[in-house]
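Undergrad: Submitted below is the structure of interest, expressed as structure tokens.
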Amino acid sequence: SDPHLAADLANEIVSVFVQAHGGLGGESSMDISVVETVSQPTEPIASRTPLNTLVAAIGGCVLATGTAFFIEYLDDTLVTAEDMHRNLSLPTLAVIPRPARRRGRDTVPIDLSDPSSSLAEACRALYARLQFANANGHSSANRMPSTMLVTSPSSTREKANIAVNLGIVMAQAGLKVLLVDADLQQPKLHRIFGLTNTSGITTVLAGGGDGRGYISQTAIPNLSVLPSGPPPELPTLSSQQLPQLVTKLKAHADIVLFDGPPVLLSADAMVLAALAEGTLLAVESDATQRQAAVQAMEMLRGVQAEMLGAVINGA
């Protein structure tokens with residue numbers, strides 16, 4: 001690290017080598033002489049800073065661009081409305097933003113204290129689109145379906161949030177809304193609204209009447225909930241009484257909104273989709289895999305579900 005010491009060492013090594021060679025006498029035919037001694041440079045060697053900076057900048061841009069394209073190539077999730085239309089041939093009715101502040105997993109997702117929030121506004125936009133959308137998402141002046149199913153390809157989070165938020169917005173608009181927790185494997189509505197789950201839709205299907213006695217009114221006017229009830233031995237809604245139950249529930253509300261199970265995790269989703277007047281497919285932005293969504297859509301169309309459109313949650 002000391003240039004002066006380095007020069008002295010180099011010159012001394014050569015001097016010692018020459019002296020050692022001279023001590024050999026005439027035994028060697030080599031004639032060694034010093035052509036040039038080491039001299040300490042007065043200026044540092046040119047660093048070529050502009051060229052190095054340019055090369056580094058170009059290399060960094062190429063590496064960053066290549067990495068971005070590689071990540072995009074590997075990403076098989078649905079993110080935008082264009083992804084939904086291109087892969088599922090399904091219109092996107094609303095893009096629900098991620099809540100501005102973190103909330104508990106089992107609390108009402110929409111912020112009722114802030115009706116002007118982006119989340120509340122997006123849910124109102126979804127409600128408005130549903131008023132003018134009939135089966136398969138075609139614009140129409142027909143009435144909104146009185147029974148709707150909210151399901152998802154494989155996750156329970158996005159469809160539960162959308163069902164609850166949509167139910168709240170409809171109730172605030174003056175409609176009498178009944179939320180039905182039809183996800184027997186992972187029920188959430190009773191925890192969201194602080195209700196018990198000792199009886200519900202499974203109790204009705206087991207012969208417990210028309211379900212009126214198991215409907216609970218929430219703290220939100222016009223919004224009531226029918227919980228899933230205790231899990232049966234066979235966790236499925238595939239019952240001959242289910243069509244009659246859907247018809248009976250329609251008499252208790254203007255809108256019956258089913259929070260159904262994911263399509264790829266339970267056959268109940270297809271059973272409910274065949275009975276409901278309209279079905280919403282909820283996907284989680286940047287999380288729902290494209291192949292899973294395509295497979296779910298094929299299964300729903302296989303039972304001739306009346307698809308209203310898709311909703312992107314957590315954008």
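Convention: chains lettered A, B, ... in structure tokens order; per-chain residue numbering from 1; ligands numbered from 1 as shown.
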If you run DSSP on the backbone, which residues of stretch 150-260 of chain A are alpha helix (DSSP H), as a ChimeraX atom specification?

TA: /A:157-172,189-192,201-205,242-250

Undergrad: Compare A:Asn313, A:Gln241, A:Thr92, A:Thr202 by their minimum atom-to-atom distance to A:Ile162, counting only C-alpha atoms, and give me the closest one.

TA: A:Asn313

Undergrad: Taking only residues of stretch 221-307 of chain A that have an atom at most 6 Å from an atom of stretch 176-192 of chain A, what is each one's shortest atom pair and its distance in Å to one decimal, using only C-alpha atoms, in chain and number order, as a tab-separated table?

TA:
```
residue	atom	partner	partner_atom	distance
A:Asn222	CA	A:Lys176	CA	4.7
A:Leu223	CA	A:Val177	CA	5.0
A:Ser224	CA	A:Leu178	CA	5.0
A:Val225	CA	A:Leu179	CA	4.7
A:Leu226	CA	A:Val180	CA	4.8
A:Pro227	CA	A:Asp181	CA	5.1
A:Ser228	CA	A:Asp181	CA	4.9
A:Ala253	CA	A:Lys176	CA	5.0
A:Asp254	CA	A:Lys176	CA	5.1
A:Ile255	CA	A:Val177	CA	4.9
A:Val256	CA	A:Leu178	CA	4.8
A:Leu257	CA	A:Leu179	CA	4.9
A:Phe258	CA	A:Val180	CA	4.8
A:Asp259	CA	A:Asp181	CA	5.1
A:Gly260	CA	A:Ala182	CA	4.8
A:Pro261	CA	A:Asp183	CA	4.5
```

Undergrad: Do you know which residues are at most 12 Å from A:Thr203 counting only C-alpha atoms, after dropping those on the same chain fewer than 6 positions away, and could you put them as a list of chain:residue names?

TA: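 These residues fall inside the cut-off: A:Leu184, A:Asn197, A:Gly209, A:Asp210, A:Gly211, A:Arg212, A:Gly213, A:Tyr214, A:Ile215, A:Leu226, A:Pro227, A:Ser228, A:Gly229, A:Pro230, A:Pro231, A:Pro232, A:Leu237, A:Gln241, A:Leu242, A:Leu245.
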
Undergrad: Stretch 92-314 of chain A: which residues are strand (DSSP E) by DSSP, as a ChimeraX atom specification?

TA: /A:92-95,147-151,177-181,216-217,223-226,255-259,278-284,307-313

Undergrad: Using N, CA, C and O atoms, can you write the selected residues to a file as a compact mmCIF listing (two decimals), in the first residue's frame?

TA:
```txt
# COMPACT_ATOMS: atom_id res chain seq x y z
N THR A 92 -64.76 -7.79 -16.25
CA THR A 92 -64.43 -7.41 -14.86
C THR A 92 -65.40 -6.34 -14.41
O THR A 92 -65.41 -5.23 -14.95
N LEU A 93 -66.22 -6.66 -13.42
CA LEU A 93 -67.25 -5.72 -12.96
C LEU A 93 -66.68 -4.68 -12.00
O LEU A 93 -67.21 -3.58 -11.91
N ALA A 94 -65.63 -5.03 -11.27
CA ALA A 94 -65.06 -4.09 -10.31
C ALA A 94 -63.64 -4.54 -9.93
O ALA A 94 -63.33 -5.72 -9.98
N VAL A 95 -62.86 -3.55 -9.56
CA VAL A 95 -61.51 -3.79 -9.04
C VAL A 95 -61.50 -3.25 -7.62
O VAL A 95 -61.57 -2.03 -7.41
N THR A 147 -80.83 -14.04 -6.44
CA THR A 147 -79.92 -14.97 -5.76
C THR A 147 -78.59 -14.94 -6.49
O THR A 147 -78.53 -15.15 -7.70
N MET A 148 -77.54 -14.67 -5.75
CA MET A 148 -76.21 -14.57 -6.34
C MET A 148 -75.22 -15.38 -5.52
O MET A 148 -75.30 -15.43 -4.29
N LEU A 149 -74.29 -15.98 -6.22
CA LEU A 149 -73.21 -16.75 -5.60
C LEU A 149 -71.90 -16.03 -5.83
O LEU A 149 -71.60 -15.61 -6.95
N VAL A 150 -71.13 -15.87 -4.75
CA VAL A 150 -69.77 -15.33 -4.86
C VAL A 150 -68.82 -16.48 -4.55
O VAL A 150 -68.84 -17.04 -3.45
N THR A 151 -68.01 -16.84 -5.52
CA THR A 151 -67.06 -17.93 -5.35
C THR A 151 -65.71 -17.51 -5.91
O THR A 151 -65.54 -16.40 -6.41
N VAL A 177 -81.08 -7.63 2.49
CA VAL A 177 -80.05 -8.57 2.02
C VAL A 177 -79.88 -9.69 3.05
O VAL A 177 -79.80 -9.44 4.26
N LEU A 178 -79.82 -10.91 2.54
CA LEU A 178 -79.53 -12.07 3.38
C LEU A 178 -78.21 -12.69 2.91
O LEU A 178 -78.11 -13.16 1.77
N LEU A 179 -77.21 -12.66 3.78
CA LEU A 179 -75.92 -13.31 3.50
C LEU A 179 -75.99 -14.74 4.01
O LEU A 179 -76.31 -14.98 5.18
N VAL A 180 -75.67 -15.68 3.14
CA VAL A 180 -75.71 -17.09 3.51
C VAL A 180 -74.30 -17.65 3.42
O VAL A 180 -73.65 -17.58 2.36
N ASP A 181 -73.80 -18.18 4.53
CA ASP A 181 -72.47 -18.78 4.55
C ASP A 181 -72.59 -20.23 4.08
O ASP A 181 -72.96 -21.12 4.85
N SER A 216 -79.85 -14.42 11.61
CA SER A 216 -79.50 -13.42 12.63
C SER A 216 -79.36 -12.05 11.98
O SER A 216 -78.71 -11.91 10.93
N GLN A 217 -79.95 -11.05 12.60
CA GLN A 217 -79.83 -9.68 12.14
C GLN A 217 -78.49 -9.12 12.61
O GLN A 217 -78.10 -9.28 13.76
N LEU A 223 -79.40 -5.93 6.83
CA LEU A 223 -78.45 -7.00 6.52
C LEU A 223 -78.56 -8.09 7.58
O LEU A 223 -78.34 -7.84 8.77
N SER A 224 -78.89 -9.29 7.15
CA SER A 224 -78.97 -10.44 8.04
C SER A 224 -78.08 -11.56 7.50
O SER A 224 -77.69 -11.57 6.33
N VAL A 225 -77.79 -12.52 8.39
CA VAL A 225 -76.84 -13.58 8.06
C VAL A 225 -77.42 -14.92 8.47
O VAL A 225 -77.98 -15.08 9.57
N LEU A 226 -77.29 -15.90 7.58
CA LEU A 226 -77.57 -17.30 7.90
C LEU A 226 -76.23 -18.02 7.96
O LEU A 226 -75.61 -18.25 6.92
N ILE A 255 -82.45 -9.72 -1.78
CA ILE A 255 -81.26 -10.34 -2.37
C ILE A 255 -80.74 -11.40 -1.43
O ILE A 255 -80.52 -11.13 -0.24
N VAL A 256 -80.54 -12.60 -1.94
CA VAL A 256 -79.89 -13.67 -1.18
C VAL A 256 -78.50 -13.85 -1.77
O VAL A 256 -78.35 -14.22 -2.94
N LEU A 257 -77.50 -13.57 -0.95
CA LEU A 257 -76.11 -13.58 -1.41
C LEU A 257 -75.38 -14.73 -0.75
O LEU A 257 -75.21 -14.75 0.48
N PHE A 258 -74.96 -15.71 -1.54
CA PHE A 258 -74.28 -16.89 -1.02
C PHE A 258 -72.77 -16.67 -1.06
O PHE A 258 -72.21 -16.35 -2.12
N ASP A 259 -72.14 -16.85 0.09
CA ASP A 259 -70.68 -16.92 0.15
C ASP A 259 -70.31 -18.39 -0.01
O ASP A 259 -70.30 -19.14 0.96
N GLY A 278 -77.26 -15.79 -10.64
CA GLY A 278 -76.04 -15.17 -11.15
C GLY A 278 -74.85 -15.56 -10.28
O GLY A 278 -75.00 -15.78 -9.07
N THR A 279 -73.68 -15.65 -10.90
CA THR A 279 -72.47 -16.05 -10.19
C THR A 279 -71.36 -15.04 -10.44
O THR A 279 -71.13 -14.61 -11.59
N LEU A 280 -70.69 -14.63 -9.37
CA LEU A 280 -69.53 -13.75 -9.44
C LEU A 280 -68.28 -14.57 -9.13
O LEU A 280 -68.25 -15.31 -8.13
N LEU A 281 -67.26 -14.43 -9.97
CA LEU A 281 -65.99 -15.10 -9.72
C LEU A 281 -65.01 -14.08 -9.16
O LEU A 281 -64.67 -13.10 -9.82
N ALA A 282 -64.55 -14.32 -7.93
CA ALA A 282 -63.62 -13.41 -7.27
C ALA A 282 -62.20 -13.94 -7.40
O ALA A 282 -61.96 -15.12 -7.15
N VAL A 283 -61.29 -13.08 -7.78
CA VAL A 283 -59.87 -13.45 -7.86
C VAL A 283 -59.07 -12.46 -7.04
O VAL A 283 -59.44 -11.30 -6.90
N GLU A 284 -57.96 -12.94 -6.51
CA GLU A 284 -57.06 -12.09 -5.74
C GLU A 284 -55.97 -11.56 -6.66
O GLU A 284 -55.26 -12.34 -7.29
N MET A 307 -72.93 -16.70 -15.43
CA MET A 307 -71.80 -15.88 -14.99
C MET A 307 -72.11 -14.40 -15.20
O MET A 307 -72.40 -13.96 -16.33
N LEU A 308 -72.07 -13.64 -14.12
CA LEU A 308 -72.27 -12.19 -14.21
C LEU A 308 -70.99 -11.47 -14.56
O LEU A 308 -71.00 -10.43 -15.23
N GLY A 309 -69.86 -11.97 -14.08
CA GLY A 309 -68.57 -11.33 -14.33
C GLY A 309 -67.59 -11.68 -13.25
O GLY A 309 -67.83 -12.53 -12.38
N ALA A 310 -66.46 -11.00 -13.29
CA ALA A 310 -65.39 -11.24 -12.33
C ALA A 310 -65.15 -9.98 -11.50
O ALA A 310 -65.46 -8.86 -11.92
N VAL A 311 -64.60 -10.20 -10.30
CA VAL A 311 -64.23 -9.11 -9.42
C VAL A 311 -62.79 -9.35 -8.98
O VAL A 311 -62.45 -10.44 -8.50
N ILE A 312 -61.95 -8.34 -9.17
CA ILE A 312 -60.54 -8.43 -8.74
C ILE A 312 -60.43 -7.80 -7.38
O ILE A 312 -60.76 -6.63 -7.19
N ASN A 313 -59.97 -8.57 -6.41
CA ASN A 313 -59.87 -8.10 -5.04
C ASN A 313 -58.41 -7.85 -4.66
O ASN A 313 -57.50 -8.50 -5.16
```

Undergrad: When you count only C-alpha atoms, which of these residues is closest to A:Leu119: A:Ala64, A:Ala273, A:Ala81, A:Ala315?

TA: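 Of A:Ala64, A:Ala273, A:Ala81, A:Ala315, the one nearest A:Leu119, counting only C-alpha atoms, is A:Ala315.
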
Undergrad: Given only C-alpha atoms as the basis, pick out the residue of A:Cys123, A:Ala287, A:Ala163, A:Met297 nearest to A:Ile96.

TA: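 Among the listed residues, the smallest separation from A:Ile96 belongs to A:Cys123.
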
Undergrad: Smallest atom-to-atom distance to A:Glu43: which of A:Pro3, A:Asp31, A:Gln131, A:Ala57, using only C-alpha atoms?

TA: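 The answer is A:Pro3, which sits nearest to A:Glu43.
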
Undergrad: Can you tell me how far atom CA of A:Gln295 sits from atom CA of A:Arg86, in Å to one decimal?

TA: 14.3 Å

Undergrad: For a test of reading the model, state the distance in Å between atom CA of A:Ser266 and atom CA of A:Ala206, rounded to one decimal.

TA: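 Straight-line distance from atom CA of A:Ser266 to atom CA of A:Ala206 works out to 19.4 Å.
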